[in-house]
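Below: coords.tsv (TSV, C-alpha atoms and all ligand atoms)
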```tsv
chain	number	residue	atom	x	y	z
A	1	LEU	CA	-67.09	40.50	-49.73
A	2	ARG	CA	-70.11	40.22	-51.99
A	3	GLU	CA	-71.51	43.56	-50.74
A	4	LYS	CA	-68.09	45.20	-50.99
A	5	LEU	CA	-67.75	44.05	-54.59
A	6	LYS	CA	-71.21	45.30	-55.43
A	7	ASP	CA	-70.45	48.71	-53.91
A	8	SER	CA	-67.19	49.12	-55.76
A	9	ALA	CA	-68.91	48.07	-58.98
A	10	LYS	CA	-71.22	51.03	-58.66
A	11	GLY	CA	-68.34	53.52	-58.73
A	12	ALA	CA	-66.15	51.80	-61.32
A	13	SER	CA	-66.47	52.08	-65.05
A	14	ALA	CA	-69.20	49.50	-65.08
A	15	ILE	CA	-69.45	46.64	-67.50
A	16	ARG	CA	-72.82	47.05	-69.21
A	17	HIS	CA	-72.46	44.99	-72.33
A	18	VAL	CA	-70.80	41.56	-72.42
A	19	HIS	CA	-70.03	39.81	-75.70
A	20	VAL	CA	-69.58	36.05	-75.32
A	21	ILE	CA	-67.86	34.06	-78.07
A	22	GLY	CA	-68.55	30.33	-78.00
A	23	ALA	CA	-72.10	29.39	-77.06
A	24	GLY	CA	-71.35	25.83	-75.90
A	25	ALA	CA	-71.70	24.37	-72.42
A	26	MET	CA	-69.88	27.27	-70.76
A	27	GLY	CA	-70.30	30.29	-73.03
A	28	GLY	CA	-74.06	29.76	-73.41
A	29	ASP	CA	-74.53	29.52	-69.66
A	30	ILE	CA	-72.21	32.45	-68.86
A	31	ALA	CA	-74.22	34.57	-71.30
A	32	ALA	CA	-77.53	33.46	-69.77
A	33	TRP	CA	-76.28	34.22	-66.28
A	34	CYS	CA	-74.98	37.70	-67.17
A	35	ALA	CA	-78.30	38.60	-68.84
A	36	ALA	CA	-80.22	37.34	-65.80
A	37	ARG	CA	-78.09	39.66	-63.67
A	38	GLY	CA	-79.07	42.72	-65.70
A	39	LEU	CA	-76.32	43.01	-68.31
A	40	ARG	CA	-76.81	43.38	-72.03
A	41	VAL	CA	-75.33	40.30	-73.67
A	42	THR	CA	-74.53	39.34	-77.25
A	43	LEU	CA	-73.78	35.68	-77.88
A	44	ALA	CA	-71.76	34.48	-80.87
A	45	ASP	CA	-70.60	31.08	-82.13
A	46	LEU	CA	-69.34	29.69	-85.44
A	47	ASP	CA	-72.28	27.31	-85.27
A	48	HIS	CA	-75.59	29.18	-85.37
A	49	GLU	CA	-77.56	26.23	-84.11
A	50	THR	CA	-75.44	26.21	-80.94
A	51	ILE	CA	-76.43	29.82	-80.32
A	52	ALA	CA	-80.12	28.96	-80.76
A	53	LYS	CA	-79.79	25.99	-78.41
A	54	ALA	CA	-78.07	28.14	-75.78
A	55	ILE	CA	-80.87	30.71	-75.94
A	56	GLY	CA	-83.43	27.89	-75.57
A	57	ARG	CA	-81.53	26.60	-72.52
A	58	ALA	CA	-81.50	30.13	-71.08
A	59	ALA	CA	-85.28	30.46	-71.59
A	60	GLU	CA	-85.83	27.19	-69.67
A	61	PHE	CA	-83.52	28.37	-66.91
A	62	TYR	CA	-85.34	31.72	-66.63
A	63	ASP	CA	-88.70	29.93	-66.52
A	64	LYS	CA	-87.51	27.91	-63.56
A	65	LYS	CA	-85.49	30.48	-61.67
A	66	LEU	CA	-86.85	33.98	-62.33
A	67	HIS	CA	-89.87	35.00	-60.34
A	68	SER	CA	-92.09	37.03	-62.65
A	69	SER	CA	-92.94	36.94	-66.33
A	70	ILE	CA	-91.59	40.50	-66.62
A	71	GLU	CA	-88.21	39.43	-65.23
A	72	ARG	CA	-88.15	36.47	-67.60
A	73	ARG	CA	-89.03	38.62	-70.60
A	74	ASP	CA	-86.46	41.29	-69.68
A	75	ALA	CA	-83.68	38.74	-69.22
A	76	LEU	CA	-84.44	37.16	-72.58
A	77	ASP	CA	-84.57	40.59	-74.23
A	78	ARG	CA	-81.11	41.32	-72.86
A	79	LEU	CA	-79.68	38.06	-74.22
A	80	MET	CA	-79.18	38.59	-77.93
A	81	PRO	CA	-78.07	36.01	-80.47
A	82	ASP	CA	-75.29	37.55	-82.53
A	83	PHE	CA	-74.99	35.59	-85.76
A	84	GLU	CA	-72.72	38.17	-87.42
A	85	GLY	CA	-70.49	38.70	-84.37
A	86	THR	CA	-71.01	42.47	-84.44
A	87	GLY	CA	-71.38	42.70	-80.64
A	88	VAL	CA	-67.62	42.38	-80.23
A	89	ALA	CA	-67.14	46.03	-81.28
A	90	LYS	CA	-69.69	47.37	-78.79
A	91	ALA	CA	-69.01	45.34	-75.65
A	92	ASP	CA	-67.22	46.54	-72.51
A	93	LEU	CA	-66.16	42.98	-71.83
A	94	VAL	CA	-65.53	40.24	-74.38
A	95	ILE	CA	-65.44	36.70	-72.95
A	96	GLU	CA	-64.13	33.92	-75.14
A	97	ALA	CA	-65.37	30.41	-74.31
A	98	VAL	CA	-64.42	28.58	-77.51
A	99	VAL	CA	-62.82	25.12	-77.54
A	100	GLU	CA	-59.77	24.50	-75.36
A	101	LYS	CA	-57.21	24.71	-78.17
A	102	THR	CA	-54.43	27.28	-78.08
A	103	ASP	CA	-54.33	27.77	-81.86
A	104	VAL	CA	-58.12	28.30	-82.06
A	105	LYS	CA	-58.09	30.85	-79.25
A	106	ARG	CA	-55.05	32.69	-80.62
A	107	LYS	CA	-56.54	32.84	-84.12
A	108	LEU	CA	-59.77	34.18	-82.64
A	109	PHE	CA	-57.82	36.87	-80.75
A	110	ASP	CA	-56.11	37.90	-84.02
A	111	GLU	CA	-59.52	38.29	-85.65
A	112	ILE	CA	-61.27	40.19	-82.88
A	113	ALA	CA	-58.45	42.31	-81.39
A	114	PRO	CA	-58.72	45.10	-84.01
A	115	LYS	CA	-62.49	45.31	-83.44
A	116	ILE	CA	-62.59	45.51	-79.64
A	117	LYS	CA	-63.30	48.93	-78.06
A	118	GLU	CA	-60.24	50.75	-76.76
A	119	ASP	CA	-61.35	50.59	-73.15
A	120	ALA	CA	-62.88	47.13	-73.26
A	121	ILE	CA	-61.36	44.11	-71.58
A	122	LEU	CA	-60.86	40.70	-73.11
A	123	ALA	CA	-61.39	37.64	-70.93
A	124	THR	CA	-60.69	34.00	-71.55
A	125	ASN	CA	-62.54	31.16	-69.87
A	126	THR	CA	-59.65	28.78	-70.50
A	127	SER	CA	-59.25	25.99	-67.93
A	128	SER	CA	-55.67	25.18	-68.63
A	129	ILE	CA	-53.88	27.27	-71.24
A	130	PRO	CA	-51.34	29.63	-69.63
A	131	LEU	CA	-52.38	33.24	-70.14
A	132	GLU	CA	-48.76	34.04	-70.96
A	133	VAL	CA	-49.23	31.89	-74.06
A	134	LEU	CA	-52.57	33.38	-75.01
A	135	ARG	CA	-51.39	36.97	-74.67
A	136	GLU	CA	-48.50	36.47	-77.12
A	137	GLY	CA	-49.02	38.66	-80.16
A	138	LEU	CA	-51.93	40.52	-78.58
A	139	ALA	CA	-51.63	44.28	-79.10
A	140	PHE	CA	-53.10	45.03	-75.66
A	141	PRO	CA	-51.93	42.27	-73.25
A	142	ASP	CA	-52.66	44.55	-70.29
A	143	ARG	CA	-56.37	44.24	-71.05
A	144	LEU	CA	-56.40	40.41	-71.13
A	145	VAL	CA	-57.55	38.53	-68.04
A	146	GLY	CA	-58.76	35.04	-67.22
A	147	LEU	CA	-62.33	34.74	-66.01
A	148	HIS	CA	-62.61	31.06	-65.24
A	149	PHE	CA	-66.21	30.12	-64.53
A	150	PHE	CA	-67.21	26.68	-63.31
A	151	ASN	CA	-69.80	24.26	-64.56
A	152	PRO	CA	-72.75	24.55	-63.96
A	153	VAL	CA	-72.41	28.33	-64.10
A	154	ALA	CA	-75.67	29.12	-62.31
A	155	LYS	CA	-74.80	26.93	-59.34
A	156	MET	CA	-71.08	27.52	-58.97
A	157	GLU	CA	-70.48	30.87	-57.33
A	158	LEU	CA	-66.71	30.89	-57.63
A	159	VAL	CA	-64.96	32.53	-60.58
A	160	GLU	CA	-61.16	32.47	-60.79
A	161	VAL	CA	-59.83	35.84	-61.91
A	162	VAL	CA	-56.56	34.90	-63.50
A	163	ALA	CA	-53.66	37.33	-63.73
A	164	HIS	CA	-50.58	37.00	-65.95
A	165	ASP	CA	-47.25	38.81	-66.21
A	166	LYS	CA	-48.58	41.66	-68.39
A	167	ALA	CA	-52.11	42.04	-66.97
A	168	GLY	CA	-52.94	45.62	-65.99
A	169	GLN	CA	-54.10	46.29	-62.45
A	170	ALA	CA	-57.06	48.28	-63.80
A	171	THR	CA	-58.12	45.23	-65.82
A	172	LEU	CA	-57.87	42.93	-62.81
A	173	ASP	CA	-59.85	45.36	-60.66
A	174	ARG	CA	-62.50	45.68	-63.30
A	175	ALA	CA	-62.75	41.90	-63.63
A	176	LEU	CA	-63.11	41.52	-59.86
A	177	ARG	CA	-65.84	44.14	-59.83
A	178	PHE	CA	-67.60	42.50	-62.74
A	179	CYS	CA	-67.84	39.33	-60.63
A	180	GLY	CA	-69.55	41.35	-57.93
A	181	THR	CA	-71.98	42.81	-60.46
A	182	ILE	CA	-73.09	39.34	-61.52
A	183	ASP	CA	-73.21	37.93	-57.97
A	184	ARG	CA	-70.22	35.64	-58.29
A	185	LEU	CA	-67.34	35.32	-55.85
A	186	PRO	CA	-63.97	36.00	-57.44
A	187	ALA	CA	-60.75	34.26	-56.41
A	188	ALA	CA	-57.72	36.16	-57.66
A	189	VAL	CA	-55.14	33.64	-58.86
A	190	LYS	CA	-51.96	33.61	-60.93
A	191	SER	CA	-51.71	31.86	-64.26
A	192	ALA	CA	-50.17	28.69	-62.77
A	193	PRO	CA	-50.92	25.24	-64.25
A	194	GLY	CA	-54.52	24.34	-63.38
A	195	PHE	CA	-54.91	27.66	-61.58
A	196	LEU	CA	-56.29	26.78	-58.16
A	197	VAL	CA	-59.41	24.66	-58.50
A	198	ASN	CA	-58.44	22.39	-61.41
A	199	ARG	CA	-55.19	21.58	-59.75
A	200	CYS	CA	-57.11	20.01	-56.85
A	201	LEU	CA	-59.97	18.74	-58.98
A	202	THR	CA	-57.76	16.86	-61.44
A	203	ALA	CA	-56.23	14.76	-58.66
A	204	TYR	CA	-59.72	14.02	-57.29
A	205	LEU	CA	-61.29	13.05	-60.63
A	206	THR	CA	-58.39	10.98	-61.94
A	207	GLU	CA	-58.26	9.01	-58.69
A	208	ALA	CA	-61.98	8.22	-59.14
A	209	PHE	CA	-61.26	6.91	-62.67
A	210	VAL	CA	-58.54	4.69	-61.24
A	211	MET	CA	-61.06	3.30	-58.73
A	212	VAL	CA	-63.50	2.52	-61.57
A	213	ASP	CA	-60.62	0.83	-63.35
A	214	GLU	CA	-59.97	-1.25	-60.24
A	215	GLY	CA	-63.59	-2.42	-60.21
A	216	THR	CA	-65.48	-0.09	-57.85
A	217	SER	CA	-68.88	0.81	-59.29
A	218	LYS	CA	-69.26	4.40	-60.43
A	219	GLU	CA	-72.60	4.70	-58.61
A	220	ILE	CA	-70.96	3.74	-55.31
A	221	ILE	CA	-68.17	6.26	-55.79
A	222	ASP	CA	-70.68	9.03	-56.56
A	223	ARG	CA	-72.96	8.08	-53.65
A	224	ALA	CA	-70.02	8.07	-51.21
A	225	ALA	CA	-68.93	11.55	-52.37
A	226	GLU	CA	-72.52	12.84	-52.07
A	227	ASP	CA	-72.87	11.36	-48.58
A	228	PHE	CA	-69.66	13.13	-47.72
A	229	GLY	CA	-71.35	16.41	-48.71
A	230	MET	CA	-70.29	17.02	-52.31
A	231	PRO	CA	-73.10	18.42	-54.51
A	232	MET	CA	-72.40	15.62	-57.01
A	233	GLY	CA	-69.92	12.73	-57.17
A	234	PRO	CA	-66.71	12.78	-59.25
A	235	ILE	CA	-68.06	10.53	-62.02
A	236	ALA	CA	-71.20	12.63	-62.55
A	237	LEU	CA	-69.04	15.75	-62.35
A	238	ALA	CA	-66.67	14.45	-65.04
A	239	ASP	CA	-69.65	13.83	-67.33
A	240	ARG	CA	-70.96	17.30	-66.55
A	241	ILE	CA	-67.63	18.94	-67.34
A	242	GLY	CA	-67.31	16.92	-70.55
A	243	LEU	CA	-64.83	14.04	-70.81
A	244	ASP	CA	-63.16	15.69	-73.81
A	245	ILE	CA	-62.58	18.94	-71.93
A	246	GLY	CA	-61.44	17.00	-68.85
A	247	LEU	CA	-58.93	14.99	-70.88
A	248	ASP	CA	-57.50	18.16	-72.40
A	249	VAL	CA	-56.96	19.54	-68.91
A	250	VAL	CA	-55.38	16.33	-67.58
A	251	ARG	CA	-53.02	16.09	-70.57
A	252	MET	CA	-51.99	19.69	-70.06
A	253	LEU	CA	-51.33	19.20	-66.33
A	254	LYS	CA	-49.69	15.79	-66.60
A	255	ASP	CA	-46.05	16.88	-66.54
A	256	LYS	CA	-46.50	20.19	-64.82
A	257	LEU	CA	-47.41	19.29	-61.24
A	258	ASP	CA	-45.02	18.12	-58.52
A	259	ASP	CA	-47.13	15.05	-57.70
A	260	PRO	CA	-47.77	12.80	-60.68
A	261	ILE	CA	-51.35	12.44	-61.96
A	262	PRO	CA	-52.44	8.80	-62.43
A	263	ASP	CA	-52.50	7.50	-66.01
A	264	ILE	CA	-55.82	7.96	-67.77
A	265	PRO	CA	-57.45	4.54	-68.35
A	266	ALA	CA	-57.58	3.57	-72.02
A	267	TRP	CA	-61.38	3.12	-71.87
A	268	LEU	CA	-61.78	6.78	-70.99
A	269	GLU	CA	-59.69	7.89	-73.97
A	270	ALA	CA	-61.78	5.53	-76.15
A	271	LYS	CA	-65.04	7.07	-74.96
A	272	VAL	CA	-63.88	10.52	-76.01
A	273	GLN	CA	-62.76	9.14	-79.40
A	274	ASN	CA	-66.27	7.68	-79.83
A	275	GLY	CA	-67.91	11.01	-79.07
A	276	GLU	CA	-69.20	9.77	-75.69
A	277	THR	CA	-68.12	13.00	-74.08
A	278	GLY	CA	-70.56	13.14	-71.18
A	279	ARG	CA	-73.89	14.74	-70.39
A	280	LYS	CA	-73.79	17.15	-73.36
A	281	ALA	CA	-73.53	14.13	-75.73
A	282	GLY	CA	-76.24	12.13	-73.93
A	283	LYS	CA	-73.63	9.51	-73.06
A	284	GLY	CA	-70.36	9.47	-71.18
A	285	LEU	CA	-69.71	7.53	-68.03
A	286	TYR	CA	-73.49	7.50	-67.51
A	287	VAL	CA	-76.25	7.54	-70.14
A	288	TYR	CA	-78.64	10.53	-70.05
A	289	ASP	CA	-82.25	11.09	-71.02
A	290	ASN	CA	-83.15	14.07	-73.21
A	291	ARG	CA	-83.58	16.26	-70.12
A	292	GLY	CA	-79.99	15.60	-69.06
A	293	LYS	CA	-80.93	13.25	-66.21
A	294	PRO	CA	-78.87	10.03	-65.82
A	295	LYS	CA	-80.84	6.94	-66.85
A	296	LYS	CA	-80.93	4.03	-64.44
A	297	THR	CA	-78.74	1.18	-65.73
A	301	LIG	P1	-67.98	23.42	-75.95
A	301	LIG	O1	-67.32	22.48	-76.85
A	301	LIG	O2	-69.26	23.05	-75.28
A	301	LIG	O3	-68.23	24.83	-76.70
A	301	LIG	C1	-67.27	25.45	-77.48
A	301	LIG	C2	-67.99	26.26	-78.55
A	301	LIG	O4	-67.04	27.09	-79.21
A	301	LIG	C3	-68.65	25.38	-79.64
A	301	LIG	O5	-70.04	25.70	-79.68
A	301	LIG	C4	-67.95	25.81	-80.94
A	301	LIG	O6	-68.82	25.87	-82.05
A	301	LIG	C5	-67.46	27.20	-80.56
A	301	LIG	N1	-66.32	27.68	-81.35
A	301	LIG	C6	-65.18	27.01	-81.66
A	301	LIG	N2	-64.35	27.83	-82.32
A	301	LIG	C7	-64.97	29.04	-82.43
A	301	LIG	C8	-64.61	30.29	-83.02
A	301	LIG	N3	-63.44	30.47	-83.61
A	301	LIG	N4	-65.50	31.32	-82.94
A	301	LIG	C9	-66.70	31.14	-82.35
A	301	LIG	N5	-67.09	29.97	-81.77
A	301	LIG	C10	-66.22	28.95	-81.81
A	301	LIG	O7	-66.85	23.80	-74.85
A	301	LIG	P2	-67.05	24.29	-73.34
A	301	LIG	O8	-67.12	23.13	-72.45
A	301	LIG	O9	-68.12	25.31	-73.29
A	301	LIG	O10	-65.62	24.97	-73.09
A	301	LIG	C11	-65.32	26.24	-73.59
A	301	LIG	C12	-64.16	26.83	-72.83
A	301	LIG	O11	-64.49	26.90	-71.43
A	301	LIG	C13	-62.86	26.01	-72.91
A	301	LIG	O12	-61.79	26.91	-72.92
A	301	LIG	C14	-62.89	25.20	-71.63
A	301	LIG	O13	-61.60	24.83	-71.19
A	301	LIG	C15	-63.51	26.20	-70.67
A	301	LIG	N6	-64.14	25.65	-69.50
A	301	LIG	C16	-64.93	24.52	-69.62
A	301	LIG	C17	-65.55	24.00	-68.49
A	301	LIG	C18	-66.44	22.82	-68.57
A	301	LIG	O14	-66.84	22.31	-67.51
A	301	LIG	N7	-66.81	22.35	-69.77
A	301	LIG	C19	-65.38	24.63	-67.16
A	301	LIG	C20	-64.60	25.85	-67.19
A	301	LIG	C21	-63.99	26.31	-68.32
```

Write the structure described by the file as structure tokens, please.
Amino acid sequence: LREKLKDSAKGASAIRHVHVIGAGAMGGDIAAWCAARGLRVTLADLDHETIAKAIGRAAEFYDKKLHSSIERRDALDRLMPDFEGTGVAKADLVIEAVVEKTDVKRKLFDEIAPKIKEDAILATNTSSIPLEVLREGLAFPDRLVGLHFFNPVAKMELVEVVAHDKAGQATLDRALRFCGTIDRLPAAVKSAPGFLVNRCLTAYLTEAFVMVDEGTSKEIIDRAAEDFGMPMGPIALADRIGLDIGLDVVRMLKDKLDDPIPDIPAWLEAKVQNGETGRKAGKGLYVYDNRGKPKKT
């Protein structure tokens, strides 16, 4: 499949320039990954410091993972901070990865839609907002698609390519091919609640929270999942995703699935209220050192 995708990417109207809006946990890492895979990338955020941090994170990642100093320099050259947001008018693909709030995303679409190139596609990294809701009011709904990356972007090969009722086939094809270009494996899904992965993941993570609530230690839960073959346990994964983002997803899915999701323990809600949102905040279910490694407690 990977080779097939790469081949078709060669013939298709290739994506050469990606503009990423939102340089947080996901947007910053999506931008870094695309630049490492040879694409020109502009990275924008309301908060300029977040852009700078994301570029710093990318430089560290390139130092570790790219083989030669030339490759590292070229990747960094391709990844451009875009403080004025001008890249949006030049990109072949615009990916929004701003906060998981419908009104914020819709307002952003209103602002950028008139600036996007006529043949460019607009992608959203939303985890939970139905694309039918996000496309409302958009002048070119056929060119909107979901490109749902997973965290951590560099490790997780899967990308859900999310269709909706007005998505154009050409857009979906182009999105699938884009995944091939950047060495990711696309899963074509419909815009159903939780898409495919979060629907399963939410049940898994919330059950782990219930076990913590019942008194099982979080370390034991994580170790058991790792022994079973998971790359990381559910508690560490929740911290990695961000407890705030996770809660948004659970709240959204709560009444929409056939099987009920367990109630979120009050202590988890309190942590988010206190800003203890996980690894990105240095504290969530675990406490982290400044290199993002969990501290022994
Ligand atoms: P984050 O909170 O780390 O980053 C969001 C960034 O968006 C912030 O830097 C903020 O300054 C910026 N922002 C907010 N409004 C903006 C605007 N109007 N224009 C420009 N920048 C703006 O959030 P995270 O975790 O990166 O999530 C982003 C999106 O990715 C959400 O839709 C989320 O559901 C989705 N997602 C998150 C995953 C995760 O594991 N955290 C996994 C897959 C998808």

Problem - Among the residues A:Ile182, A:Ala97, A:Ile121, A:Leu43, the one that comes closest to Phe83 (chain A) [using all atoms listed in the file] - result: A:Leu43

For ligand LIG 301 (chain A), collect every residue having any atom at a distance of at most 8 Å from a ligand atom (counting only C-alpha atoms and all ligand atoms); output as a short mmCIF file (atom, residue, chain, number, x, y, z; two decimals) with C-alpha atoms, keeping the file's coordinate frame.
```cif
data_model
loop_
_atom_site.label_atom_id
_atom_site.label_comp_id
_atom_site.auth_asym_id
_atom_site.auth_seq_id
_atom_site.Cartn_x
_atom_site.Cartn_y
_atom_site.Cartn_z
CA ILE A 21 -67.86 34.06 -78.07
CA GLY A 22 -68.55 30.33 -78.00
CA ALA A 23 -72.10 29.39 -77.06
CA GLY A 24 -71.35 25.83 -75.90
CA ALA A 25 -71.70 24.37 -72.42
CA MET A 26 -69.88 27.27 -70.76
CA GLY A 27 -70.30 30.29 -73.03
CA GLY A 28 -74.06 29.76 -73.41
CA ALA A 44 -71.76 34.48 -80.87
CA ASP A 45 -70.60 31.08 -82.13
CA LEU A 46 -69.34 29.69 -85.44
CA ASP A 47 -72.28 27.31 -85.27
CA THR A 50 -75.44 26.21 -80.94
CA ILE A 51 -76.43 29.82 -80.32
CA GLU A 96 -64.13 33.92 -75.14
CA ALA A 97 -65.37 30.41 -74.31
CA VAL A 98 -64.42 28.58 -77.51
CA VAL A 99 -62.82 25.12 -77.54
CA GLU A 100 -59.77 24.50 -75.36
CA LYS A 101 -57.21 24.71 -78.17
CA VAL A 104 -58.12 28.30 -82.06
CA LYS A 105 -58.09 30.85 -79.25
CA LYS A 107 -56.54 32.84 -84.12
CA LEU A 108 -59.77 34.18 -82.64
CA THR A 124 -60.69 34.00 -71.55
CA ASN A 125 -62.54 31.16 -69.87
CA THR A 126 -59.65 28.78 -70.50
CA SER A 127 -59.25 25.99 -67.93
CA SER A 128 -55.67 25.18 -68.63
CA HIS A 148 -62.61 31.06 -65.24
CA PHE A 149 -66.21 30.12 -64.53
CA PHE A 150 -67.21 26.68 -63.31
CA ASN A 151 -69.80 24.26 -64.56
CA PRO A 152 -72.75 24.55 -63.96
CA ARG A 240 -70.96 17.30 -66.55
CA ILE A 241 -67.63 18.94 -67.34
CA GLY A 242 -67.31 16.92 -70.55
CA ILE A 245 -62.58 18.94 -71.93
CA GLY A 246 -61.44 17.00 -68.85
CA ASP A 248 -57.50 18.16 -72.40
CA VAL A 249 -56.96 19.54 -68.91
CA LYS A 280 -73.79 17.15 -73.36
#
```

Completion exercise
One decimal place gives the CA of Val133 (chain A)-CA of Arg106 (chain A) separation as 8.8 Å

Exercise for the section: State, in Å with one decimal place, the distance from CA of Leu237 (chain A) to CA of Asp255 (chain A). Expected result: 23.4 Å

Handout entry: Distance of CA of Tyr288 (chain A) from CA of Lys271 (chain A), expressed in Å to one decimal place
Key =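 So the two atoms, CA of Lys271 (chain A) and CA of Tyr288 (chain A), lie 14.9 Å apart.
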
Practice task
Would you mind listing what lies within 10 Å of Lys218 (chain A) as a ChimeraX atom specification, with all atoms listed in the file counted and same-chain residues fewer than 6 positions away left out?
Solution key: /A:208-209,211-212,224,233-236,285-286

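Excluding Lys115 (chain A) and any residue on its chain fewer than 3 positions from it, the residues at most 8 Å away by all atoms listed in the file are Val88, Ala89, Glu111 and Ile112 of chain A.
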
Problem - Proximity to Gly85 (chain A) - best of A:His67, A:Lys155, A:His48, A:Arg73, all atoms listed in the file - result: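 Using all atoms listed in the file, the shortest distance to Gly85 (chain A) belongs to A:His48.
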
Problem - Nearest candidate to Phe195 (chain A) (options A:Arg251, A:Arg291, A:Arg174, A:Lys256; using only C-alpha atoms) - result: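 Among A:Arg251, A:Arg291, A:Arg174, A:Lys256, it is A:Lys256 that comes nearest to Phe195 (chain A).
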
Problem - Residue with smallest distance to Lys117 (chain A) - pool A:Glu207, A:Asp92, A:Asp103, A:Asp213, counting only C-alpha atoms - result: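 For Lys117 (chain A), the nearest of the candidates is A:Asp92.
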
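With all atoms listed in the file as the basis for measurement, A:Leu257 is the residue among A:Ala123, A:Ala52, A:Ile15, A:Leu257 that approaches Ala203 (chain A) most closely.
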
Would you mind completing region 60-78 of chain A so that it carries N, CA and C atoms, and writing it out as a PDB file, keeping the file's coordinate frame?
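Okay, part_10.pdb is ready:
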```pdb
ATOM      1  N   GLU A  60     -85.380  28.214 -70.649  1.00  0.00           N
ATOM      2  CA  GLU A  60     -85.830  27.190 -69.670  1.00  0.00           C
ATOM      3  C   GLU A  60     -85.348  27.552 -68.266  1.00  0.00           C
ATOM      4  N   PHE A  61     -84.104  28.005 -68.212  1.00  0.00           N
ATOM      5  CA  PHE A  61     -83.520  28.370 -66.910  1.00  0.00           C
ATOM      6  C   PHE A  61     -84.291  29.556 -66.302  1.00  0.00           C
ATOM      7  N   TYR A  62     -84.604  30.552 -67.130  1.00  0.00           N
ATOM      8  CA  TYR A  62     -85.340  31.720 -66.630  1.00  0.00           C
ATOM      9  C   TYR A  62     -86.740  31.305 -66.164  1.00  0.00           C
ATOM     10  N   ASP A  63     -87.362  30.396 -66.918  1.00  0.00           N
ATOM     11  CA  ASP A  63     -88.700  29.930 -66.520  1.00  0.00           C
ATOM     12  C   ASP A  63     -88.671  29.328 -65.123  1.00  0.00           C
ATOM     13  N   LYS A  64     -87.595  28.591 -64.863  1.00  0.00           N
ATOM     14  CA  LYS A  64     -87.510  27.910 -63.560  1.00  0.00           C
ATOM     15  C   LYS A  64     -87.084  28.864 -62.448  1.00  0.00           C
ATOM     16  N   LYS A  65     -86.159  29.753 -62.750  1.00  0.00           N
ATOM     17  CA  LYS A  65     -85.490  30.480 -61.670  1.00  0.00           C
ATOM     18  C   LYS A  65     -85.903  31.936 -61.491  1.00  0.00           C
ATOM     19  N   LEU A  66     -86.481  32.566 -62.502  1.00  0.00           N
ATOM     20  CA  LEU A  66     -86.850  33.980 -62.330  1.00  0.00           C
ATOM     21  C   LEU A  66     -88.311  34.047 -61.903  1.00  0.00           C
ATOM     22  N   HIS A  67     -88.590  35.044 -61.035  1.00  0.00           N
ATOM     23  CA  HIS A  67     -89.870  35.000 -60.340  1.00  0.00           C
ATOM     24  C   HIS A  67     -91.059  35.445 -61.177  1.00  0.00           C
ATOM     25  N   SER A  68     -90.906  36.511 -61.948  1.00  0.00           N
ATOM     26  CA  SER A  68     -92.090  37.030 -62.650  1.00  0.00           C
ATOM     27  C   SER A  68     -91.902  36.932 -64.158  1.00  0.00           C
ATOM     28  N   SER A  69     -93.021  37.018 -64.864  1.00  0.00           N
ATOM     29  CA  SER A  69     -92.940  36.940 -66.330  1.00  0.00           C
ATOM     30  C   SER A  69     -92.212  38.169 -66.882  1.00  0.00           C
ATOM     31  N   ILE A  70     -92.302  39.291 -66.162  1.00  0.00           N
ATOM     32  CA  ILE A  70     -91.590  40.500 -66.620  1.00  0.00           C
ATOM     33  C   ILE A  70     -90.075  40.278 -66.533  1.00  0.00           C
ATOM     34  N   GLU A  71     -89.652  39.716 -65.385  1.00  0.00           N
ATOM     35  CA  GLU A  71     -88.210  39.430 -65.230  1.00  0.00           C
ATOM     36  C   GLU A  71     -87.723  38.489 -66.315  1.00  0.00           C
ATOM     37  N   ARG A  72     -88.545  37.468 -66.590  1.00  0.00           N
ATOM     38  CA  ARG A  72     -88.150  36.470 -67.600  1.00  0.00           C
ATOM     39  C   ARG A  72     -88.040  37.121 -68.973  1.00  0.00           C
ATOM     40  N   ARG A  73     -89.039  37.965 -69.292  1.00  0.00           N
ATOM     41  CA  ARG A  73     -89.030  38.620 -70.600  1.00  0.00           C
ATOM     42  C   ARG A  73     -87.833  39.569 -70.715  1.00  0.00           C
ATOM     43  N   ASP A  74     -87.573  40.331 -69.631  1.00  0.00           N
ATOM     44  CA  ASP A  74     -86.460  41.290 -69.680  1.00  0.00           C
ATOM     45  C   ASP A  74     -85.117  40.585 -69.846  1.00  0.00           C
ATOM     46  N   ALA A  75     -84.953  39.477 -69.129  1.00  0.00           N
ATOM     47  CA  ALA A  75     -83.680  38.740 -69.220  1.00  0.00           C
ATOM     48  C   ALA A  75     -83.489  38.218 -70.649  1.00  0.00           C
ATOM     49  N   LEU A  76     -84.559  37.683 -71.206  1.00  0.00           N
ATOM     50  CA  LEU A  76     -84.440  37.160 -72.580  1.00  0.00           C
ATOM     51  C   LEU A  76     -84.197  38.270 -73.584  1.00  0.00           C
ATOM     52  N   ASP A  77     -84.807  39.434 -73.340  1.00  0.00           N
ATOM     53  CA  ASP A  77     -84.570  40.590 -74.230  1.00  0.00           C
ATOM     54  C   ASP A  77     -83.106  41.019 -74.196  1.00  0.00           C
ATOM     55  N   ARG A  78     -82.507  40.881 -72.998  1.00  0.00           N
ATOM     56  CA  ARG A  78     -81.110  41.320 -72.860  1.00  0.00           C
ATOM     57  C   ARG A  78     -80.128  40.347 -73.498  1.00  0.00           C
TER      58      ARG A  78
END
```
